[in-house]
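So the structure is just underneath, and the comments pick up after that.
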Amino acid sequence: MTTTQDIVAKLWNLCHVLRDDGITFHQYVTELTFLIFLKMMKETGKESQLPAGYRWDDLAEKDGVDQLAFYRAQLVHLSNESSGLVQAVFANANTALTQPRNLFKLVTDIDGLDWYSAREEGLGDLYEGLLEKNASEKKSGAGQYFTPRPLIECMVNCIQPQAGEIVQDPAAGTGGFQVQADRFIKLHTDDLFDLSEKQQDFQRKQAFQAVELVPDTHRLLLMNAMLHGIESEMILGDTLSPTGSRLPKADVILTNPPFGTKRGGGRPTRDDFTFVTGNKQLAFLQHIYRGLKPGAAGKPGGRAAVVLPDNVLFEEGTGTRIRADLMEKCNLHTILRLPTGIFYAQGVKTNVLF
């Protein structure tokens, strides 16, 4: 994967060029997402999904003030005049770039990358590498959206999602669990070739459910899923609202819900929770064990692996009642204690509940 690593390093080094433009790391990854999406549509022969006149070459052939003005107009046009995945990726898109020379540098350098080798090694891995780079950069603040990939791999390997199962992540971030679950299933089905045509279609278009609350992160999720061949619907919304109660029951739930309380001290707006709490992790835990398929005739139902902080295990009051409900409805198989400091500040203790 040397070419992929080289390209990720080159793309990431471009962010230093943009510091003079006052652009944050997260803005930079979003900006790159727009540009790489346009470039990859060309590289993968899918430009017919983009409106004529608003494609990569239309942008690349311009320079200076004209190029920046066109890019701004292009983002607005793709947000308003496209459909499907393209419209979702460019929803409410705008650029933080103010210097024409910086856009020109980005476009020129992206054009100059070794895209042939990148395609051979997998464009999805390239984009994952970029997301990982952003999360590891402490100043970016993106760590909260990015679960370390070795941990995701471990959780997926333990849960072993199977072809034909519905795999859900109610707090999807950039889609790491979905991508790894898809990779696991493809590894055990000869890249889906062991499956019938109908089963392959299900795997690509229906097997994965994801909900993400933050619009910019949802954009990264859509891009990541697309580059890994996942066409299932990835919802922009709040799982702790009625959106979450409408999700179909899942065979597998893999997730790392956000820590803390709901913004502004509010409570989940769902009416199907037995226990009302402002603690987001306890609310997500309720969603998870209630969202799994029930067992039947002595057979187990759905299964889950979820990252949760210590307070879920020890909080009194509502926490005690939710834990009792969990133990009554599920087999809490294992609690895996994680080292401190993986997600937040040193001292925040987290676990994986299986």
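In the structure tokens, chains take letters A, B, ... by order of appearance, with residues numbered from 1 within each chain and ligands from 1 in the order shown.
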- Taking the backbone alone, and naming residues the way the document does, which bits of segment 18-160 of chain A are helix (DSSP H, G or I) by DSSP, as a VMD selection string? chain A and resid 18 to 21 25 to 43 47 to 49 56 to 60 64 to 81 84 to 89 100 to 111 115 to 121 123 to 136 138 to 140 142 to 145 149 to 159
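All residues within segment 99-339 of chain A that the backbone DSSP calculation assigns to strand (DSSP E) are Val167, Gln168, Asp169, Phe208, Gln209, Ala210, Val211, Glu212, Met234, Ile235, Leu236, Val252, Ile253, Leu254, Thr255, Arg303, Ala304, Ala305, Val306, Val307, Leu308, Pro309, Ile335, Leu336 and Arg337 of chain A.
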- Shell of 8 Å around Pro257 of chain A, only C-alpha atoms, local chain residues under 2 positions omitted, as a PyMOL selection string: chain A and resi 170-171+255+259+280-281+284+306-308
Expected file contents, prior selection, C-alpha atoms, as an mmCIF file, in the first residue's frame:
data_model
loop_
_atom_site.group_PDB
_atom_site.id
_atom_site.type_symbol
_atom_site.label_atom_id
_atom_site.label_comp_id
_atom_site.auth_asym_id
_atom_site.auth_seq_id
_atom_site.Cartn_x
_atom_site.Cartn_y
_atom_site.Cartn_z
ATOM 1 C CA PRO A 170 -26.629 4.466 15.111
ATOM 2 C CA ALA A 171 -23.727 6.915 15.658
ATOM 3 C CA THR A 255 -21.016 1.484 17.413
ATOM 4 C CA PHE A 259 -19.983 10.724 25.202
ATOM 5 C CA LYS A 280 -26.467 10.134 25.826
ATOM 6 C CA GLN A 281 -24.671 6.840 26.398
ATOM 7 C CA PHE A 284 -27.943 4.986 23.077
ATOM 8 C CA VAL A 306 -20.550 -1.101 21.718
ATOM 9 C CA VAL A 307 -17.947 1.274 23.174
ATOM 10 C CA LEU A 308 -19.240 2.882 26.395
#
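Taking atom CA of Gln209 of chain A and atom CA of Lys133 of chain A as endpoints, the distance between them is 25.4 Å.
Closest approach to Thr318 of chain A among A:Ser232, A:Asn331, A:Thr340, A:Gln286: A:Gln286, based on only C-alpha atoms.
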- Item | Point-to-point distance from atom CA of Phe177 of chain A to atom CA of Leu220 of chain A, Å rounded to tenths | 13.8 Å
- Test item: residues at most 9 Å from segment 91-107 of chain A, only C-alpha atoms, excluding those fewer than 5 positions along its chain, as a ChimeraX atom specification: /A:11,14,17-18,21-23,27-28,30-32,34-35,59-60,62-69,71-72,75-76,78-80,86,112,215,219
Any chance you can output those residues with N, CA, C and O atoms as a short mmCIF file (atom, residue, chain, number, x, y, z; two decimals), in the first residue's frame?
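What ended up in selection18.cif:
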data_model
loop_
_atom_site.label_atom_id
_atom_site.label_comp_id
_atom_site.auth_asym_id
_atom_site.auth_seq_id
_atom_site.Cartn_x
_atom_site.Cartn_y
_atom_site.Cartn_z
N LEU A 11 -1.43 14.53 0.14
CA LEU A 11 -2.68 15.27 0.34
C LEU A 11 -2.67 15.98 1.68
O LEU A 11 -3.11 17.13 1.80
N LEU A 14 -0.69 19.16 1.88
CA LEU A 14 -1.32 20.33 1.26
C LEU A 14 -2.04 21.20 2.29
O LEU A 14 -2.24 22.38 2.08
N VAL A 17 -0.36 24.33 3.28
CA VAL A 17 -0.48 25.44 2.34
C VAL A 17 -1.67 26.32 2.72
O VAL A 17 -1.66 27.54 2.53
N LEU A 18 -2.71 25.69 3.27
CA LEU A 18 -3.96 26.41 3.51
C LEU A 18 -4.02 27.10 4.86
O LEU A 18 -4.98 27.81 5.14
N ASP A 21 -4.69 30.61 4.80
CA ASP A 21 -6.06 30.97 4.44
C ASP A 21 -7.00 30.83 5.65
O ASP A 21 -8.21 30.97 5.52
N GLY A 22 -6.41 30.52 6.82
CA GLY A 22 -7.21 30.42 8.04
C GLY A 22 -8.12 29.20 8.07
O GLY A 22 -9.16 29.20 8.71
N ILE A 23 -7.70 28.12 7.38
CA ILE A 23 -8.57 26.94 7.27
C ILE A 23 -8.22 25.91 8.34
O ILE A 23 -7.05 25.58 8.54
N GLN A 27 -12.17 21.63 8.21
CA GLN A 27 -12.56 22.30 6.95
C GLN A 27 -11.74 21.78 5.79
O GLN A 27 -12.25 21.60 4.68
N TYR A 28 -10.46 21.52 6.06
CA TYR A 28 -9.58 21.04 5.00
C TYR A 28 -10.03 19.68 4.48
O TYR A 28 -10.09 19.45 3.27
N THR A 30 -13.03 18.43 4.64
CA THR A 30 -14.29 18.64 3.91
C THR A 30 -14.00 19.21 2.53
O THR A 30 -14.58 18.77 1.53
N GLU A 31 -13.09 20.19 2.46
CA GLU A 31 -12.71 20.79 1.17
C GLU A 31 -12.12 19.72 0.24
O GLU A 31 -12.46 19.65 -0.94
N LEU A 32 -11.25 18.89 0.80
CA LEU A 32 -10.66 17.80 0.01
C LEU A 32 -11.72 16.82 -0.46
O LEU A 32 -11.63 16.27 -1.55
N PHE A 34 -14.82 17.44 -1.31
CA PHE A 34 -15.46 17.98 -2.52
C PHE A 34 -14.58 17.75 -3.75
O PHE A 34 -15.03 17.26 -4.78
N LEU A 35 -13.31 18.13 -3.62
CA LEU A 35 -12.40 18.06 -4.77
C LEU A 35 -12.10 16.62 -5.17
O LEU A 35 -12.12 16.27 -6.35
N LEU A 59 -13.41 22.54 -13.84
CA LEU A 59 -12.73 23.28 -12.77
C LEU A 59 -11.24 23.39 -13.05
O LEU A 59 -10.64 24.46 -12.92
N ALA A 60 -10.62 22.26 -13.47
CA ALA A 60 -9.16 22.20 -13.61
C ALA A 60 -8.63 23.09 -14.73
O ALA A 60 -7.49 23.56 -14.66
N LYS A 62 -9.49 26.04 -15.47
CA LYS A 62 -9.50 27.47 -15.11
C LYS A 62 -8.36 27.77 -14.13
O LYS A 62 -7.79 26.87 -13.53
N ASP A 63 -8.07 29.05 -13.95
CA ASP A 63 -7.12 29.43 -12.91
C ASP A 63 -7.46 30.82 -12.40
O ASP A 63 -8.34 31.50 -12.92
N GLY A 64 -6.73 31.21 -11.33
CA GLY A 64 -6.89 32.55 -10.78
C GLY A 64 -8.27 32.79 -10.19
O GLY A 64 -8.96 31.88 -9.73
N VAL A 65 -8.69 34.05 -10.26
CA VAL A 65 -9.97 34.47 -9.69
C VAL A 65 -11.13 33.74 -10.37
O VAL A 65 -12.12 33.37 -9.73
N ASP A 66 -10.99 33.49 -11.68
CA ASP A 66 -12.04 32.79 -12.43
C ASP A 66 -12.28 31.39 -11.87
O ASP A 66 -13.41 30.92 -11.77
N GLN A 67 -11.19 30.71 -11.52
CA GLN A 67 -11.32 29.35 -11.00
C GLN A 67 -12.03 29.34 -9.65
O GLN A 67 -12.93 28.51 -9.41
N LEU A 68 -11.67 30.26 -8.77
CA LEU A 68 -12.30 30.32 -7.45
C LEU A 68 -13.78 30.68 -7.57
O LEU A 68 -14.64 30.07 -6.90
N ALA A 69 -14.09 31.62 -8.45
CA ALA A 69 -15.49 32.01 -8.66
C ALA A 69 -16.29 30.83 -9.22
O ALA A 69 -17.43 30.57 -8.80
N TYR A 71 -15.56 27.63 -8.85
CA TYR A 71 -15.65 26.59 -7.81
C TYR A 71 -16.80 26.89 -6.85
O TYR A 71 -17.59 26.00 -6.51
N ARG A 72 -16.92 28.16 -6.46
CA ARG A 72 -18.04 28.54 -5.57
C ARG A 72 -19.38 28.27 -6.24
O ARG A 72 -20.31 27.72 -5.63
N LEU A 75 -20.10 24.43 -6.45
CA LEU A 75 -20.60 23.84 -5.21
C LEU A 75 -22.09 24.12 -5.02
O LEU A 75 -22.86 23.22 -4.64
N VAL A 76 -22.49 25.35 -5.28
CA VAL A 76 -23.91 25.73 -5.15
C VAL A 76 -24.75 24.93 -6.14
O VAL A 76 -25.83 24.39 -5.80
N LEU A 78 -24.08 22.01 -7.61
CA LEU A 78 -24.14 20.59 -7.27
C LEU A 78 -25.02 20.35 -6.05
O LEU A 78 -25.64 19.29 -5.91
N SER A 79 -25.10 21.34 -5.17
CA SER A 79 -25.97 21.23 -3.99
C SER A 79 -27.45 21.32 -4.39
O SER A 79 -28.29 20.59 -3.86
N ASN A 80 -27.75 22.18 -5.37
CA ASN A 80 -29.15 22.47 -5.70
C ASN A 80 -29.69 21.72 -6.92
O ASN A 80 -30.88 21.46 -7.01
N VAL A 86 -24.81 12.48 -5.10
CA VAL A 86 -24.10 13.74 -5.41
C VAL A 86 -24.71 14.87 -4.59
O VAL A 86 -24.00 15.66 -3.96
N GLY A 112 -2.08 15.84 -10.25
CA GLY A 112 -0.77 15.26 -10.49
C GLY A 112 -0.49 13.97 -9.73
O GLY A 112 0.58 13.38 -9.88
N PRO A 215 -23.70 17.27 10.00
CA PRO A 215 -23.72 17.32 8.53
C PRO A 215 -22.36 17.13 7.86
O PRO A 215 -22.24 16.35 6.91
N ARG A 219 -21.19 13.90 5.47
CA ARG A 219 -20.60 14.03 4.13
C ARG A 219 -19.40 13.08 3.97
O ARG A 219 -19.25 12.40 2.96
#
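Between atom CA of Gly84 of chain A and atom CA of Met234 of chain A there is a distance of 11.6 Å.
Comparing A:Gly319, A:Gly244, A:Pro294, A:Pro309 by their smallest distance to Val276 of chain A, the closest is A:Gly319 (using only C-alpha atoms).
Closest approach to Thr269 of chain A from the set A:Ser136, A:Gln178, A:Gln206, A:Thr239 is made by A:Thr239, with distances taken over only C-alpha atoms.
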Would you mind listing, for every residue of segment 214-299 of chain A within 10 Å of segment 195-203 of chain A, the two atoms forming the shortest contact and the distance between them in Å to one decimal, using only C-alpha atoms, sorted by chain and ascending residue number, as CSV?
residue,atom,partner,partner_atom,distance
A:Gly229,CA,A:Gln203,CA,9.8
A:Ile230,CA,A:Gln203,CA,8.0
A:Glu231,CA,A:Gln203,CA,8.7
A:Ser232,CA,A:Gln203,CA,8.3
